[in-house]
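First the structure, in the form of structure tokens, and then the observations on it.
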Amino acid sequence: MSAGPALPASNGRSSEEARDFYQLKQRAAEYYRSNLVPQRMQQVLNSMFYDNPDDVYGHLANYFASFAKPAAISRIVGKAKLDSAGQQTVQVEVLCTIKNLEKSICFTTMSNSCCDPNYTTFDTMDKEIELKNISVQFALEWINGPLNSLIKGLLPANQKQVDKFLSEYFQRKVEEDEEQKKKDAEVEEVPEPEQSASTNPVPVVDKKKKPPKAKKSIAPEKPIKPREPPEIFFPGAVAIGVVSLAVAKAAVKLQNTSLFLHIAALNHEKEPPVEIRMPIPMVSLLSCGKSSGGKLRLMKEVIAVPKHDLSYEQGLKMMMAFQQQITKWMFSQKSLPLAMSHLGCWEKGFERTEQPFELIHEVCDTLELTLGEDLHLVLNCAAHELMDYEKEKYEIITGVLKHPDEMIELYTSLVEKYPSIIGLIDPLRKEDEEQWSKLCHLLSPQCYLLADGASRSIDKLITNGLGENRYSGLILKHANQTTISDLIRVAKLMEAQDCRFIPSLTEAETLDDSIADIAVGLGARFIKLGGLCHGERVAKYNRLLAIEEELAQRGALGQAAEHQFPVISEEEHDPNSVRPGSEQID
């Protein structure tokens, strides 16, 4: 009846458990030792005793947080949102793993510009809206699928690597699409039937009928070049641009800094600038284009540029007072109803070219400002909207038609008559290359000749370069597959060729104000945001105010230089060469 035989088994289990427990302790000790936990624990305990912090555990948390792994992207989430035109666009949320916990870092929304607005007509609107919806659908599939996997685990601070992965993915999608189109074309290709003699009948000439006599006239005008087809935008491309921007904003949030400082550091990797200058705002005052209802069609926008040596805040206050006076003038007129343009300024129809200038002079007198000293003017001519392709002429005023050659004389006389004009935007179509060159030769020493609709997309500029230097500057939008790295690249390319980089807004914007930080971070000379109305535009103006205040507090606010106009010769020259000289005004 003895229990003796069971004892060896119990002793065996106890021995095995002791051995396992000893090995566990050894692994634990090695784990803590390899991560330097005992040493760091001893260090903080020793120092904390002398520091005597009020919050002991807060002190410990801050100490050990400095040894934590950097935040890495855990996932991105894409959602459909609405832009200022009530159409679909894309929002991206970036989530990161911070101290073993997943946290939402930021939300970013970007305009979905999958169609060129300069080619939009009433007949194409429905199709373009459909294309936008398809583009958003593709973008969300990319963001929530392959792009999410692609950048998972990357550090938001490593913008170059993120942008490289994004651009490579987009290029693969483009190549796959081209391959598929080739295959589809081979399948659908059908040999054309041979043409019979009756297919193209030879016109019969009546020999009895005498040909009409030619009328005597001056040398015939040169035929204009046909309009170039619009750039093809790849559906879903907005996913690349918005994810790149979202990652940059996530890095900023994690580093507790500002986006403009982050972009400036990326732009100047070797030596960040000591001072940063604010861009000069180009503020739209009036819209007198085709849709204004008047005979005058030449001026889609009359834009004011405050004096260069004013602070951004001072310039903005001047523009606010200017717009208030124009608003009073508009309501004093009996030509109701009033219309506010989507550009954020009043839309007013005029009959003559002189009338907008007369109104500007009247407001200047009321505010005791000197036009040409306290502020200058830039005209957005939007020439591509004025061309009558049947008559091959620009209709600058209803019934008044001008050949591209005649437009040169028009602009030179206009700038001579109104010396306060320091800029013309899209004075000609991009196809009128010969006239662009002549106009640049005549006016570039005293006036900025800028391309907006006449410019190419950032993607094309990076791929093909600036081409012939026919512009003093380019007005560019952050859209589609353009990454933060692409913006930096194109800004440097333009700076090397003495071409002004001018960030602007798309036709249908969002409330995201990142373009203000991008302009400051890349050292843009000007920024074109439209008028001082509409929330999506005002958000950017307000962000610029905050940036100037932060720079002033840091003691890093630079002073804008005098206007210098790049002199562009009429002769063609190497597009990679720097222009020979610049003219400046006070």
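Chain labels run A, B, ... following the order of the structure tokens; each chain numbers its residues from 1, and ligands are numbered from 1 in the order shown.
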
Exercise. Counting only C-alpha atoms, what is within 8 Å of A:Cys345, bar same-chain residues fewer than 2 positions away, as an MDAnalysis selection string?
Worked result: chainID A and resid 284:287 340:343 347 530:533

For this session: Could you give me the residues within stretch 390-497 of chain A that DSSP places in strand (DSSP E or B), as a ChimeraX atom specification?
Result: /A:393-397,400-402,421-425,448-451,473-477

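Distances to A:Lys164 were evaluated for A:Leu443, A:Ile263, A:Met282, A:Ile151 using only C-alpha atoms, and the minimum falls at A:Ile151.
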
Problem set entry | Contacts of stretch 109-122 of chain A at 7 Å (only C-alpha atoms; same-chain gap of 5+ positions) as number ranges by chain | A: 83, 89-92, 128, 132, 230, 233, 235, 238, 242, 453, 479-480, 508-510, 512

Write the residues you've just listed into a file as a PDB file, in the first residue's frame, and include C-alpha atoms for each of them.
```
ATOM      1  CA  ASP A  83     -14.333  68.952 -54.851  1.00  0.00           C
ATOM      2  CA  THR A  89     -12.122  63.338 -56.078  1.00  0.00           C
ATOM      3  CA  VAL A  90      -9.843  61.326 -53.774  1.00  0.00           C
ATOM      4  CA  GLN A  91      -8.916  61.558 -50.102  1.00  0.00           C
ATOM      5  CA  VAL A  92      -6.099  59.545 -48.511  1.00  0.00           C
ATOM      6  CA  GLU A 128     -15.564  64.255 -68.801  1.00  0.00           C
ATOM      7  CA  LYS A 132     -13.522  61.634 -63.625  1.00  0.00           C
ATOM      8  CA  PRO A 230      -5.167  67.510 -75.554  1.00  0.00           C
ATOM      9  CA  PHE A 233      -4.353  61.691 -68.711  1.00  0.00           C
ATOM     10  CA  PRO A 235      -7.246  57.129 -65.337  1.00  0.00           C
ATOM     11  CA  VAL A 238      -4.465  61.092 -59.072  1.00  0.00           C
ATOM     12  CA  VAL A 242      -2.303  62.364 -53.527  1.00  0.00           C
ATOM     13  CA  GLY A 453      -2.996  76.893 -70.906  1.00  0.00           C
ATOM     14  CA  ALA A 479      -2.201  67.184 -60.186  1.00  0.00           C
ATOM     15  CA  ASN A 480      -2.393  63.567 -61.333  1.00  0.00           C
ATOM     16  CA  ALA A 508     -12.067  72.262 -59.261  1.00  0.00           C
ATOM     17  CA  GLU A 509     -10.133  72.617 -56.007  1.00  0.00           C
ATOM     18  CA  THR A 510     -10.432  71.191 -52.501  1.00  0.00           C
ATOM     19  CA  ASP A 512      -6.416  71.304 -48.824  1.00  0.00           C
TER      20      ASP A 512
END
```

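Take the candidates A:Ser74, A:Ser472, A:Asn35, A:Thr398 and check each one against A:Asp498 using only C-alpha atoms; the shortest distance goes to A:Ser472.
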
For this session: Measure the distance from atom CA of A:Cys288 to atom CA of A:Glu390 in Å and round it to one decimal.
Result: 23.5 Å

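Of the residues listed (A:Cys447, A:Ile76, A:Leu245, A:Ala237), A:Ala237 shows the shortest atom-to-atom separation from A:Gln171; distances use only C-alpha atoms.
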
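For the residues A:Ile547, A:Met278, A:Leu296, A:Ala185, ranking by smallest atom-to-atom distance to A:Thr257 using only C-alpha atoms places A:Ile547 first.
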
Give one line per residue of stretch 225-320 of chain A that approaches stretch 377-382 of chain A to at most 9 Å, naming the two atoms of the closest pair and their distance in Å to one decimal, counting only C-alpha atoms; sort by chain then ascending residue number and deliver it as CSV.
```
residue,atom,partner,partner_atom,distance
A:Met282,CA,A:Val378,CA,8.0
A:Gly289,CA,A:Cys381,CA,8.1
A:Arg297,CA,A:Cys381,CA,8.4
A:Leu298,CA,A:Cys381,CA,5.4
A:Met299,CA,A:Cys381,CA,4.8
A:Lys300,CA,A:Asn380,CA,5.6
A:Glu301,CA,A:Asn380,CA,4.9
A:Val302,CA,A:Leu379,CA,5.0
A:Ile303,CA,A:Val378,CA,5.0
A:Ala304,CA,A:Leu377,CA,4.8
A:Val305,CA,A:Leu377,CA,6.0
A:Pro306,CA,A:Leu377,CA,8.8
```

Please, could you write that set of residues out with C-alpha atoms as a tab-separated table (two decimals), in the first residue's frame?
```
chain	number	residue	atom	x	y	z
A	282	MET	CA	-1.26	87.28	-58.00
A	289	GLY	CA	-13.59	87.04	-70.67
A	297	ARG	CA	-13.31	88.97	-74.52
A	298	LEU	CA	-9.56	89.57	-74.27
A	299	MET	CA	-9.15	89.63	-70.48
A	300	LYS	CA	-10.23	86.45	-68.76
A	301	GLU	CA	-8.60	87.84	-65.61
A	302	VAL	CA	-7.32	91.24	-64.58
A	303	ILE	CA	-4.80	90.38	-61.88
A	304	ALA	CA	-3.17	92.67	-59.32
A	305	VAL	CA	0.38	92.13	-58.03
A	306	PRO	CA	1.31	94.05	-54.84
```

Exercise. Quick one: of A:Tyr418, A:Phe67, A:Phe565, A:Phe357, who's nearest to A:Tyr471, counting only C-alpha atoms?
Worked result: A:Phe565

For this session: Run DSSP on the backbone of this structure and report the residues of stretch 36-277 of chain A it assigns to alpha helix (DSSP H), as number ranges by chain.
Result: A: 37-51, 56-65, 125-144, 146-151, 159-188, 238-255, 259-267

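Our summary of the geometry notes that atom CA of A:Trp346 is positioned 10.7 Å from atom CA of A:Trp329.
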
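Restricting the calculation to only C-alpha atoms, the smallest distance between A:Leu545 and any of A:Glu495, A:Glu313, A:Glu416, A:Glu188 is found for A:Glu313.
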
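Between atom CA of A:His376 and atom CA of A:Gly423 there is a distance of 8.8 Å.
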